[in-house]
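**Student:** Next comes query39.cif, mmCIF, C-alpha atoms and all ligand atoms:
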data_protein
loop_
_atom_site.label_atom_id
_atom_site.label_comp_id
_atom_site.auth_asym_id
_atom_site.auth_seq_id
_atom_site.Cartn_x
_atom_site.Cartn_y
_atom_site.Cartn_z
CA MET A 1 0.00 0.00 0.00
CA SER A 2 1.32 3.44 -0.88
CA PHE A 3 1.37 6.70 1.09
CA ALA A 4 -1.00 8.18 -1.49
CA SER A 5 -3.72 5.70 -0.48
CA LEU A 6 -3.66 7.04 3.10
CA LYS A 7 -5.27 10.28 1.87
CA LEU A 8 -2.91 12.59 3.67
CA HIS A 9 -2.64 16.18 2.45
CA HIS A 10 -0.83 16.28 -0.88
CA ASP A 11 2.05 18.38 0.51
CA ILE A 12 2.67 15.81 3.25
CA THR A 13 2.70 12.88 0.84
CA GLN A 14 5.06 14.85 -1.37
CA GLN A 15 7.41 15.48 1.54
CA VAL A 16 7.63 11.82 2.64
CA THR A 17 8.31 10.83 -0.97
CA LYS A 18 11.09 13.41 -1.03
CA LEU A 19 12.50 11.81 2.13
CA GLY A 20 12.71 8.51 0.28
CA TYR A 21 9.91 6.71 2.11
CA THR A 22 8.37 4.44 -0.52
CA ASN A 23 5.77 2.60 1.56
CA PRO A 24 4.19 3.18 4.96
CA THR A 25 5.46 0.89 7.73
CA PRO A 26 2.90 -1.42 9.43
CA ILE A 27 2.34 0.97 12.36
CA GLN A 28 1.82 3.83 9.91
CA LEU A 29 -0.68 1.79 7.90
CA ALA A 30 -2.64 0.99 11.03
CA ALA A 31 -2.38 4.28 12.91
CA ILE A 32 -2.66 6.97 10.24
CA PRO A 33 -6.30 6.24 9.24
CA ALA A 34 -7.34 6.02 12.91
CA VAL A 35 -5.66 9.32 13.81
CA LEU A 36 -7.13 11.00 10.72
CA ALA A 37 -10.56 9.79 11.85
CA GLY A 38 -10.01 11.59 15.17
CA LYS A 39 -9.91 8.42 17.24
CA ASP A 40 -8.02 7.89 20.48
CA LEU A 41 -5.26 5.36 20.08
CA MET A 42 -3.44 2.84 22.19
CA ALA A 43 -0.53 1.72 20.08
CA GLY A 44 2.08 -0.86 20.88
CA ALA A 45 5.13 -0.04 18.82
CA GLN A 46 8.73 0.31 19.65
CA THR A 47 11.12 2.97 18.45
CA GLY A 48 12.48 2.09 15.04
CA THR A 49 9.15 1.01 13.57
CA GLY A 50 8.33 4.41 12.13
CA LYS A 51 5.99 5.29 14.97
CA THR A 52 6.86 9.00 15.01
CA ALA A 53 5.59 9.47 11.47
CA ALA A 54 2.58 7.33 12.39
CA PHE A 55 1.32 10.14 14.58
CA ALA A 56 3.18 13.15 13.14
CA LEU A 57 1.89 12.84 9.57
CA PRO A 58 -1.86 12.67 10.35
CA LEU A 59 -1.50 15.39 13.01
CA LEU A 60 0.21 17.69 10.51
CA HIS A 61 -2.71 16.93 8.19
CA HIS A 62 -5.16 18.07 10.92
CA ILE A 63 -3.21 21.28 11.48
CA LEU A 64 -3.26 22.05 7.76
CA GLN A 65 -7.02 21.58 7.76
CA THR A 66 -7.43 23.95 10.71
CA GLN A 67 -5.22 26.50 8.98
CA ASN A 68 -7.31 26.22 5.83
CA SER A 69 -10.49 26.80 7.79
CA ASN A 70 -8.92 29.99 9.18
CA ASN A 71 -9.25 28.70 12.72
CA ALA A 72 -5.53 28.45 13.23
CA GLN A 73 -4.69 29.39 16.80
CA GLY A 74 -2.04 28.36 19.28
CA ILE A 75 -0.61 24.99 20.23
CA GLN A 76 -2.74 22.28 18.65
CA VAL A 77 -0.55 19.26 19.27
CA LEU A 78 1.33 18.43 22.46
CA VAL A 79 3.75 15.49 22.47
CA LEU A 80 5.05 14.37 25.85
CA THR A 81 8.26 12.35 25.89
CA PRO A 82 10.19 10.86 28.81
CA THR A 83 13.63 12.20 27.85
CA ARG A 84 15.23 15.22 26.27
CA GLU A 85 16.83 13.09 23.58
CA LEU A 86 13.50 11.68 22.49
CA ALA A 87 11.93 15.16 22.66
CA GLN A 88 14.65 16.49 20.34
CA GLN A 89 14.22 13.58 18.01
CA VAL A 90 10.44 13.85 17.79
CA HIS A 91 10.74 17.61 17.25
CA ALA A 92 13.31 17.01 14.50
CA SER A 93 10.87 14.57 12.86
CA PHE A 94 8.06 17.16 12.89
CA VAL A 95 10.44 19.72 11.38
CA LYS A 96 11.50 17.19 8.73
CA TYR A 97 7.95 16.19 7.83
CA SER A 98 6.67 19.78 7.72
CA ALA A 99 9.66 21.30 5.89
CA ASN A 100 7.40 22.43 3.01
CA LEU A 101 4.55 23.63 5.27
CA SER A 102 4.10 26.71 7.41
CA ILE A 103 3.76 24.74 10.62
CA GLN A 104 5.96 25.48 13.61
CA SER A 105 7.25 22.87 16.03
CA VAL A 106 8.94 23.87 19.28
CA VAL A 107 10.79 21.64 21.73
CA ALA A 108 11.00 22.26 25.48
CA TYR A 109 13.00 20.22 27.99
CA GLY A 110 14.82 20.73 31.25
CA GLY A 111 18.55 21.27 31.60
CA ALA A 112 18.51 23.95 28.91
CA SER A 113 17.64 27.68 28.99
CA ILE A 114 13.92 28.25 29.42
CA ASN A 115 14.28 31.70 27.82
CA VAL A 116 15.44 30.29 24.51
CA GLN A 117 12.45 27.96 24.53
CA LEU A 118 10.12 30.83 25.44
CA ASP A 119 11.46 32.91 22.57
CA ALA A 120 10.76 30.01 20.22
CA LEU A 121 7.23 29.70 21.61
CA LYS A 122 6.62 33.41 21.06
CA GLN A 123 7.51 33.05 17.38
CA GLY A 124 4.43 30.84 17.05
CA CYS A 125 3.93 27.19 17.87
CA ASP A 126 1.55 24.62 16.41
CA VAL A 127 3.29 21.54 17.80
CA LEU A 128 4.95 21.48 21.19
CA VAL A 129 7.19 18.54 22.05
CA ALA A 130 8.13 18.54 25.72
CA THR A 131 9.35 16.54 28.67
CA PRO A 132 6.93 16.57 31.64
CA GLY A 133 9.08 18.59 34.08
CA ARG A 134 9.77 21.54 31.80
CA LEU A 135 6.20 21.54 30.50
CA LEU A 136 4.87 21.81 34.06
CA GLU A 137 7.27 24.66 34.76
CA LEU A 138 5.94 26.53 31.73
CA ILE A 139 2.33 25.79 32.69
CA MET A 140 2.76 26.81 36.34
CA LYS A 141 4.39 30.07 35.33
CA ASN A 142 1.41 30.76 33.07
CA LEU A 143 3.65 30.91 30.05
CA LEU A 144 1.61 28.57 27.87
CA ASP A 145 -1.83 28.72 26.36
CA LEU A 146 -3.03 25.18 25.87
CA SER A 147 -6.70 26.05 25.38
CA TYR A 148 -6.54 25.31 21.62
CA LEU A 149 -5.02 21.90 22.09
CA GLN A 150 -6.59 19.24 19.91
CA THR A 151 -4.32 16.26 20.39
CA LEU A 152 -2.13 14.97 23.18
CA VAL A 153 0.46 12.33 22.33
CA LEU A 154 2.14 10.31 25.07
CA ASP A 155 5.23 8.86 23.49
CA GLU A 156 7.00 5.94 25.18
CA ALA A 157 4.43 5.98 27.96
CA ASP A 158 5.96 2.90 29.60
CA ARG A 159 9.23 4.71 30.05
CA MET A 160 7.44 7.74 31.50
CA LEU A 161 5.92 5.53 34.18
CA ASP A 162 9.27 3.81 34.81
CA MET A 163 10.85 7.21 35.34
CA GLY A 164 8.21 8.20 37.88
CA PHE A 165 6.44 10.85 35.81
CA ILE A 166 2.94 9.72 36.71
CA ILE A 167 2.24 12.61 39.14
CA ASP A 168 3.59 15.15 36.64
CA ILE A 169 1.43 13.65 33.91
CA GLN A 170 -1.66 13.82 36.09
CA ARG A 171 -0.96 17.48 36.90
CA ILE A 172 -0.47 18.25 33.22
CA LEU A 173 -3.70 16.50 32.25
CA LYS A 174 -5.68 18.79 34.55
CA LYS A 175 -4.50 21.76 32.51
CA LEU A 176 -5.54 20.37 29.14
CA PRO A 177 -8.94 20.73 27.44
CA GLU A 178 -11.04 17.66 28.20
CA SER A 179 -12.35 17.41 24.72
CA ARG A 180 -9.30 16.30 22.80
CA GLN A 181 -7.82 13.36 20.97
CA THR A 182 -5.29 11.33 22.94
CA LEU A 183 -2.71 9.02 21.39
CA PHE A 184 -0.84 6.64 23.57
CA PHE A 185 2.34 4.93 22.34
CA SER A 186 4.23 2.35 24.32
CA ALA A 187 6.86 -0.21 23.38
CA THR A 188 5.74 -2.55 26.14
CA PHE A 189 2.46 -3.10 27.95
CA ASN A 190 1.92 -4.00 31.56
CA ASP A 191 -0.82 -3.47 34.14
CA ASP A 192 0.32 0.06 35.02
CA ILE A 193 0.20 1.05 31.38
CA PHE A 194 -3.33 -0.29 31.00
CA ALA A 195 -4.40 1.48 34.19
CA LEU A 196 -3.06 4.82 32.93
CA SER A 197 -4.54 4.34 29.47
CA LYS A 198 -7.97 3.73 30.99
CA THR A 199 -7.96 7.13 32.67
CA LEU A 200 -6.81 8.85 29.49
CA LEU A 201 -8.46 7.31 26.47
CA LYS A 202 -12.01 7.30 25.23
CA ASP A 203 -13.03 4.24 23.27
CA PRO A 204 -9.51 3.82 21.90
CA GLU A 205 -8.47 1.86 18.89
CA LEU A 206 -5.94 -0.73 19.98
CA ILE A 207 -3.10 -1.17 17.53
CA GLU A 208 -0.33 -3.67 17.95
CA VAL A 209 1.92 -4.16 15.01
CA ASP A 210 4.55 -6.17 16.79
CA SER A 211 3.22 -8.90 19.00
CA ARG A 212 3.20 -7.73 22.58
CA ASN A 213 6.56 -7.33 24.28
CA THR A 214 8.56 -8.77 21.44
CA THR A 215 11.98 -7.68 20.33
CA ALA A 216 12.59 -6.05 16.95
CA THR A 217 12.32 -8.83 14.39
CA LYS A 218 15.34 -8.05 12.26
CA VAL A 219 17.73 -7.98 15.19
CA GLU A 220 19.97 -11.00 15.57
CA GLN A 221 20.56 -11.67 19.25
CA THR A 222 23.76 -13.29 20.49
CA ILE A 223 24.51 -14.10 24.11
CA TYR A 224 28.05 -14.71 25.37
CA ALA A 225 28.75 -16.10 28.83
CA VAL A 226 31.86 -14.46 30.29
CA ASP A 227 33.31 -13.71 33.71
CA GLN A 228 32.39 -10.25 34.98
CA ASP A 229 36.04 -9.14 35.21
CA ARG A 230 36.73 -10.12 31.58
CA LYS A 231 33.75 -8.36 30.04
CA SER A 232 35.57 -5.17 29.06
CA ALA A 233 38.41 -7.12 27.44
CA LEU A 234 35.90 -9.23 25.49
CA LEU A 235 34.07 -6.10 24.41
CA SER A 236 37.20 -4.48 23.01
CA PHE A 237 38.19 -7.78 21.40
CA LEU A 238 34.83 -8.15 19.63
CA ILE A 239 34.76 -4.57 18.38
CA GLY A 240 38.40 -4.71 17.25
CA SER A 241 38.54 -8.18 15.70
CA LYS A 242 35.23 -7.86 13.90
CA ASN A 243 35.94 -4.28 12.92
CA TRP A 244 32.56 -3.03 14.19
CA GLN A 245 32.01 0.67 13.74
CA GLN A 246 29.32 2.71 15.54
CA VAL A 247 28.63 0.46 18.48
CA LEU A 248 26.16 1.42 21.20
CA ILE A 249 26.97 -0.18 24.56
CA PHE A 250 24.73 -0.32 27.60
CA THR A 251 25.69 -0.28 31.25
CA ARG A 252 23.39 -0.06 34.24
CA THR A 253 25.03 2.89 35.99
CA LYS A 254 26.45 6.27 35.06
CA GLN A 255 29.69 5.49 36.87
CA GLY A 256 29.91 2.15 35.09
CA ALA A 257 29.46 3.95 31.75
CA ASP A 258 32.31 6.37 32.49
CA GLU A 259 34.64 3.63 33.69
CA LEU A 260 33.98 1.39 30.71
CA ALA A 261 34.49 4.27 28.27
CA LYS A 262 37.88 4.99 29.89
CA GLU A 263 38.97 1.35 29.65
CA MET A 264 37.98 1.10 26.02
CA GLN A 265 39.84 4.32 25.23
CA LYS A 266 42.91 2.63 26.70
CA ASP A 267 42.30 -0.32 24.37
CA GLY A 268 42.52 2.10 21.45
CA ILE A 269 38.80 2.33 20.65
CA THR A 270 37.51 5.92 20.54
CA THR A 271 34.74 5.80 23.09
CA GLN A 272 32.54 8.32 24.90
CA SER A 273 29.84 7.94 27.51
CA ILE A 274 26.40 9.53 27.65
CA HIS A 275 24.23 9.74 30.75
CA GLY A 276 22.10 12.03 32.88
CA ASP A 277 25.02 13.59 34.80
CA LYS A 278 26.37 15.18 31.63
CA SER A 279 25.15 18.62 30.56
CA GLN A 280 22.76 18.78 27.66
CA GLY A 281 25.47 20.45 25.55
CA ALA A 282 27.92 17.62 26.30
CA ARG A 283 25.30 14.98 25.48
CA ASP A 284 24.47 16.69 22.19
CA ARG A 285 28.15 16.90 21.23
CA VAL A 286 28.85 13.26 22.09
CA LEU A 287 25.82 12.12 20.13
CA ALA A 288 26.83 14.22 17.11
CA ASP A 289 30.38 12.77 17.23
CA PHE A 290 28.95 9.27 17.45
CA LYS A 291 26.61 9.88 14.53
CA ASN A 292 29.30 11.33 12.30
CA GLY A 293 31.77 8.55 13.11
CA LYS A 294 34.30 10.55 15.17
CA VAL A 295 33.44 8.33 18.11
CA ARG A 296 33.35 4.60 17.41
CA ALA A 297 31.70 3.34 20.59
CA LEU A 298 29.17 5.08 22.80
CA VAL A 299 28.50 3.79 26.31
CA ALA A 300 25.06 4.74 27.54
CA THR A 301 22.68 4.23 30.43
CA ASP A 302 19.13 3.19 29.64
CA VAL A 303 17.59 6.59 30.18
CA ALA A 304 20.18 8.48 28.11
CA ALA A 305 19.91 6.05 25.21
CA ARG A 306 16.20 6.53 24.89
CA GLY A 307 15.50 8.44 21.73
CA ILE A 308 18.86 7.85 20.08
CA ASP A 309 17.94 7.42 16.45
CA ILE A 310 20.74 6.46 14.12
CA GLU A 311 19.45 4.97 10.93
CA GLN A 312 22.37 2.70 10.19
CA LEU A 313 23.19 1.65 13.74
CA GLN A 314 24.09 -2.01 13.40
CA TYR A 315 25.50 -3.01 16.75
CA VAL A 316 24.14 -2.84 20.26
CA ILE A 317 26.04 -4.49 23.10
CA ASN A 318 24.70 -5.13 26.58
CA HIS A 319 27.78 -4.94 28.77
CA GLU A 320 25.38 -5.64 31.62
CA LEU A 321 21.82 -6.85 31.47
CA PRO A 322 19.21 -4.40 32.77
CA TYR A 323 17.38 -5.09 36.05
CA ASN A 324 14.14 -4.32 34.26
CA ALA A 325 13.71 -6.93 31.51
CA GLU A 326 11.62 -4.55 29.41
CA ASP A 327 14.68 -2.33 29.03
CA TYR A 328 16.28 -5.14 27.06
CA ILE A 329 13.63 -4.67 24.39
CA HIS A 330 14.20 -0.92 24.34
CA ARG A 331 17.96 -1.38 24.16
CA ILE A 332 18.08 -3.74 21.26
CA GLY A 333 15.40 -1.69 19.50
CA ARG A 334 18.14 0.92 18.90
CA THR A 335 19.38 -1.30 16.09
CA GLY A 336 17.45 -2.99 13.31
CA ARG A 337 15.59 0.27 12.75
CA ALA A 338 13.12 0.76 9.92
CA GLY A 339 13.64 -2.81 8.79
CA ALA A 340 17.47 -2.73 8.58
CA ALA A 341 19.36 -5.72 9.97
CA GLY A 342 21.03 -5.35 13.36
CA LEU A 343 23.05 -7.34 15.84
CA ALA A 344 22.52 -7.26 19.60
CA VAL A 345 25.24 -8.90 21.68
CA THR A 346 24.75 -9.52 25.37
CA LEU A 347 27.57 -10.34 27.77
CA VAL A 348 26.30 -12.34 30.71
CA SER A 349 28.19 -13.19 33.87
CA GLU A 350 27.06 -16.12 35.99
CA LYS A 351 25.54 -13.73 38.54
CA GLU A 352 23.36 -12.20 35.85
CA ARG A 353 21.84 -15.46 34.64
CA TYR A 354 18.60 -14.75 36.49
CA LEU A 355 18.27 -11.46 34.57
CA LEU A 356 18.66 -13.37 31.32
CA THR A 357 15.89 -15.72 32.47
CA ASP A 358 13.67 -12.68 33.06
CA VAL A 359 14.34 -11.49 29.51
CA GLU A 360 13.67 -14.95 28.10
CA LYS A 361 10.31 -15.05 29.87
CA LEU A 362 9.37 -11.62 28.62
CA VAL A 363 10.24 -12.24 24.98
CA ASP A 364 9.10 -15.87 25.21
CA GLU A 365 12.29 -17.18 23.69
CA GLN A 366 15.10 -19.38 24.93
CA PHE A 367 18.54 -18.06 23.99
CA ILE A 368 21.53 -20.21 23.17
CA VAL A 369 24.37 -19.04 25.37
CA GLN A 370 27.77 -19.19 23.66
CA TRP A 371 31.41 -18.72 24.65
CA VAL A 372 34.05 -16.77 22.77
CA PRO A 373 37.30 -18.80 22.51
CA GLY A 374 39.85 -17.28 24.86
CA PHE A 375 37.11 -15.75 27.03
CA GLU A 376 35.48 -18.90 28.37
CA PRO A 377 34.01 -18.39 31.81
CA ASP A 378 35.86 -19.96 34.72
CA LEU A 379 33.55 -22.84 35.62
CA ASN A 380 34.87 -23.12 39.19
CA LYS A 381 34.03 -19.48 39.81
CA ALA A 382 30.64 -20.01 38.26
CA ALA A 383 29.94 -23.03 40.46
CA ASN A 384 30.93 -21.09 43.59
CA SER A 385 28.71 -18.18 42.77
CA GLN A 386 25.90 -20.64 42.05
CA LYS A 387 26.36 -22.13 45.52
CA LYS A 388 26.22 -18.71 47.09
CA ARG A 389 22.94 -17.95 45.41
CA GLU A 390 21.18 -21.12 46.52
CA PRO A 391 18.13 -20.06 48.55
CA SER A 392 18.28 -20.48 52.30
CA LYS A 393 16.13 -23.09 54.03
CA LYS A 394 14.14 -20.27 55.56
CA ALA A 395 13.39 -18.84 52.13
CA LEU A 396 12.41 -22.27 50.81
CA ARG A 397 10.12 -22.80 53.80
CA ALA A 398 8.51 -19.41 53.26
CA LYS A 399 8.01 -20.28 49.63
CA ALA A 400 6.42 -23.62 50.48
CA LEU A 401 4.02 -21.89 52.88
CA GLY A 402 3.23 -19.25 50.29
CA LEU A 403 4.80 -16.51 52.44
CA SER A 404 7.22 -13.91 51.17
CA PRO A 405 10.53 -13.92 53.12
CA SER A 406 9.98 -10.25 54.06
CA ARG A 407 6.71 -11.13 55.82
CA ASP A 408 8.64 -13.76 57.66
CA LYS A 409 11.00 -11.06 58.86
CA LYS A 410 8.33 -9.16 60.82
CA PRO A 411 7.89 -11.05 64.08
CA LYS A 412 6.86 -7.90 65.98
CA THR A 413 3.67 -7.48 63.97
CA ARG A 414 2.80 -11.09 64.64
CA ARG A 415 3.33 -10.83 68.36
CA ARG A 416 0.97 -7.88 68.63
CA ARG A 417 -1.82 -9.95 67.10
P1 LIG A 501 10.83 5.94 14.57
O1 LIG A 501 10.27 4.58 14.89
O2 LIG A 501 9.78 6.97 14.47
O3 LIG A 501 11.92 6.31 15.54
O4 LIG A 501 11.49 5.86 13.09
C1 LIG A 501 12.63 5.11 12.83
C2 LIG A 501 13.29 5.51 11.51
O5 LIG A 501 12.50 5.08 10.41
C3 LIG A 501 13.48 7.01 11.34
O6 LIG A 501 14.82 7.23 10.98
C4 LIG A 501 12.55 7.40 10.20
O7 LIG A 501 13.12 8.43 9.40
C5 LIG A 501 12.41 6.11 9.41
N1 LIG A 501 11.10 5.94 8.76
C6 LIG A 501 9.88 6.25 9.26
N2 LIG A 501 8.91 5.91 8.40
C7 LIG A 501 9.50 5.35 7.33
C8 LIG A 501 9.02 4.80 6.09
N3 LIG A 501 7.73 4.72 5.80
N4 LIG A 501 9.94 4.33 5.22
C9 LIG A 501 11.27 4.37 5.51
N5 LIG A 501 11.79 4.88 6.64
C10 LIG A 501 10.92 5.36 7.55
#
Have the structure of the file written as structure tokens, please.
Ligand code: AMP
**Tutor:**
Amino acid sequence: MSFASLKLHHDITQQVTKLGYTNPTPIQLAAIPAVLAGKDLMAGAQTGTGKTAAFALPLLHHILQTQNSNNAQGIQVLVLTPTRELAQQVHASFVKYSANLSIQSVVAYGGASINVQLDALKQGCDVLVATPGRLLELIMKNLLDLSYLQTLVLDEADRMLDMGFIIDIQRILKKLPESRQTLFFSATFNDDIFALSKTLLKDPELIEVDSRNTTATKVEQTIYAVDQDRKSALLSFLIGSKNWQQVLIFTRTKQGADELAKEMQKDGITTQSIHGDKSQGARDRVLADFKNGKVRALVATDVAARGIDIEQLQYVINHELPYNAEDYIHRIGRTGRAGAAGLAVTLVSEKERYLLTDVEKLVDEQFIVQWVPGFEPDLNKAANSQKKREPSKKALRAKALGLSPSRDKKPKTRRRR
């Protein structure tokens, strides 16, 4: 099916053709007609599937219609994103898709000058892309008029909940017109997501292009067992011997990201780290250097990596597995974007095996764990750590009785009864 058949405004179809998009992606095919029809949407789609255009294109179409009917007013579309990087990326997409239209998109996020953002807003704004904190700041200072809002988009809603934005979101919702269209995008679904969607959406259309909680289909996933203290050496070996360029690496902590980047530098691989402790300017510079090839490897935390969109990114490496299995899906979704092939390599120490099991359950797939010659895990070490992790008799007893060990640990409460 072609873009022309979606009945978007001619100028929009022309622009996507100019960008080289030949056919709509599955999420675009499903979402665009629903958004054009003014419906609320609950869409399961991860980054890399073309989901930004799935909402941006029909919303630009709506704005053009309003402009043509001479009702053009203030902010008509508000997109909320969990991170600055994603906000920048969504804004850049709106700019790209509306390059031949007189529609203004403005981006607002914390950690950057509010005055610059206010100046941009004063120039006129049809689409505002914002992170919750900065948006609330603007609202509370009475610097925004949201009374003309027609559509609210919650992008990567699962991540917003993970990052604790629920209170902010609820405060923002109170300031928005009740009669509006709401579009809800989430890479993963769980009970919290359904609970939030119920309070937000009216008779939504449910769209799931990927089956629920699955990983990107074109990403090859390889798992290597390795001792924790040999992970960095294995990482440098893989990147060097296979001549991988532009490799995105994940660690769990900011400190871990910095340390790993330093070690890899020492191994002769130009590496930088990106995380929340770095200034916005530093993050932007690092990302630009990574995109243009000046930096070969980028070590990122989960939050900072959200929104990184590099079309040809082929390699993602999990130096450590995330505690939250859903983050695995987000991580490897950085590669294999828009149908391109990608490789996700995960390094697993014996202590992390339970995290791998969590991932396997979530994606409903059993991975084959391999060894790299020369980096085989020390089986004695592995056996010892296995012994250490065997549950205590007390824990087993609690399990048999259906009690959680923590309840077991509260004798005082029992005595009072
Ligand atoms: P997203 O899932 O919105 O982050 O998009 C991932 C990438 O796919 C972006 O680089 C888009 O430019 C690209 N893209 C979006 N829609 C299409 C399409 N229909 N054909 C080809 N590329 C696309």
**Student:** Which residue is closest to Thr49 (chain A)? Choose from A:Gly333, A:Gly281, A:Pro322, A:Gly124 and count all atoms listed in the file.
**Tutor:**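 When distances to Thr49 (chain A) are compared using all atoms listed in the file, the smallest one comes from A:Gly333.
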**Student:** Find, counting all atoms listed in the file, the residue in A:Phe185, A:Tyr224, A:Tyr323, A:Phe165 that gets nearest to Glu205 (chain A).
**Tutor:**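 Closest to Glu205 (chain A) of all the choices is A:Phe185.
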**Student:** Counting only C-alpha atoms and all ligand atoms, what residues are within 6 Å of ligand LIG 501 (chain A), given as a compact mmCIF listing (two decimals) with C-alpha atoms, in the frame of the given file?
**Tutor:**
# COMPACT_ATOMS: atom_id res chain seq x y z
CA TYR A 21 9.91 6.71 2.11
CA THR A 22 8.37 4.44 -0.52
CA ASN A 23 5.77 2.60 1.56
CA PRO A 24 4.19 3.18 4.96
CA THR A 25 5.46 0.89 7.73
CA THR A 47 11.12 2.97 18.45
CA GLY A 48 12.48 2.09 15.04
CA THR A 49 9.15 1.01 13.57
CA GLY A 50 8.33 4.41 12.13
CA LYS A 51 5.99 5.29 14.97
CA THR A 52 6.86 9.00 15.01
CA ALA A 53 5.59 9.47 11.47
CA GLU A 311 19.45 4.97 10.93
CA ARG A 337 15.59 0.27 12.75
CA ALA A 338 13.12 0.76 9.92
**Student:** Val35 (chain A): which residues within 9 Å, counting only C-alpha atoms, same-chain residues fewer than 2 positions away excluded, as a ChimeraX atom specification?
**Tutor:** /A:31-33,37-41,54-55,58-59,181,183
**Student:** So the first atom is CA of Ile274 (chain A) and the second is CA of Ala304 (chain A); what is the distance between them in Å, to one decimal place?
**Tutor:**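 Interatomic distance, CA of Ile274 (chain A) to CA of Ala304 (chain A): 6.3 Å.
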**Student:** Could you check the closest approach to Gly336 (chain A) for each of A:Ala34, A:Ile27, A:Ile310, A:Met264 and tell me which residue wins, using all atoms listed in the file?
**Tutor:**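 Between A:Ala34, A:Ile27, A:Ile310, A:Met264, the residue approaching Gly336 (chain A) most closely is A:Ile310.
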**Student:** Determine, counting all atoms listed in the file, which protein, DNA and RNA residues have an atom within 9 Å of an atom of Gly133 (chain A); residues of the same chain fewer than 4 positions away are not included. Present the result as a short mmCIF file (atom, residue, chain, number, x, y, z; two decimals) with C-alpha atoms, keeping the file's coordinate frame.
**Tutor:**
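Heads up, here's the output in around.cif:
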data_model
loop_
_atom_site.label_atom_id
_atom_site.label_comp_id
_atom_site.auth_asym_id
_atom_site.auth_seq_id
_atom_site.Cartn_x
_atom_site.Cartn_y
_atom_site.Cartn_z
CA TYR A 109 13.00 20.22 27.99
CA GLY A 110 14.82 20.73 31.25
CA GLU A 137 7.27 24.66 34.76
CA LEU A 138 5.94 26.53 31.73
CA PHE A 165 6.44 10.85 35.81
CA ASP A 168 3.59 15.15 36.64
#
**Student:** Would you work out the distance separating CA of Ile166 (chain A) from CA of Leu355 (chain A), expressed in Å to one decimal?
**Tutor:**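 Straight-line distance from CA of Ile166 (chain A) to CA of Leu355 (chain A) works out to 26.2 Å.
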**Student:** For region 232-248 of chain A, work out the shell of residues within 8 Å, counting all atoms listed in the file and skipping chain neighbours fewer than 2 positions away, then give it as an MDAnalysis selection string.
**Tutor:** chainID A and resid 229:230 250 260 263:264 267 269 290:291 293 295:300 313:317 319 375
**Student:** Grab all the atoms of region 98-113 of chain A that the file lists, wrap them in a box along x, y and z, add 8 Å per side, and give me centre plus edge lengths in Å (one decimal) as JSON.
**Tutor:**
{"center_x": 11.2, "center_y": 23.7, "center_z": 17.3, "size_x": 30.8, "size_y": 23.9, "size_z": 44.6}
**Student:** Using CA of Thr346 (chain A) and CA of Asn318 (chain A) as the two end points, give the distance in Å to one decimal.
**Tutor:**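 So the two atoms, CA of Thr346 (chain A) and CA of Asn318 (chain A), lie 4.6 Å apart.
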**Student:** Near Ile139 (chain A), counting all atoms listed in the file, which residues have an atom at most 10 Å away, once you skip same-chain residues fewer than 5 positions from it, shown as a CSV table (one decimal) with C-alpha atoms, keeping the file's coordinate frame?
**Tutor:**
chain,number,residue,atom,x,y,z
A,133,GLY,CA,9.1,18.6,34.1
A,134,ARG,CA,9.8,21.5,31.8
A,144,LEU,CA,1.6,28.6,27.9
A,145,ASP,CA,-1.8,28.7,26.4
A,146,LEU,CA,-3.0,25.2,25.9
A,171,ARG,CA,-1.0,17.5,36.9
A,172,ILE,CA,-0.5,18.2,33.2
A,175,LYS,CA,-4.5,21.8,32.5
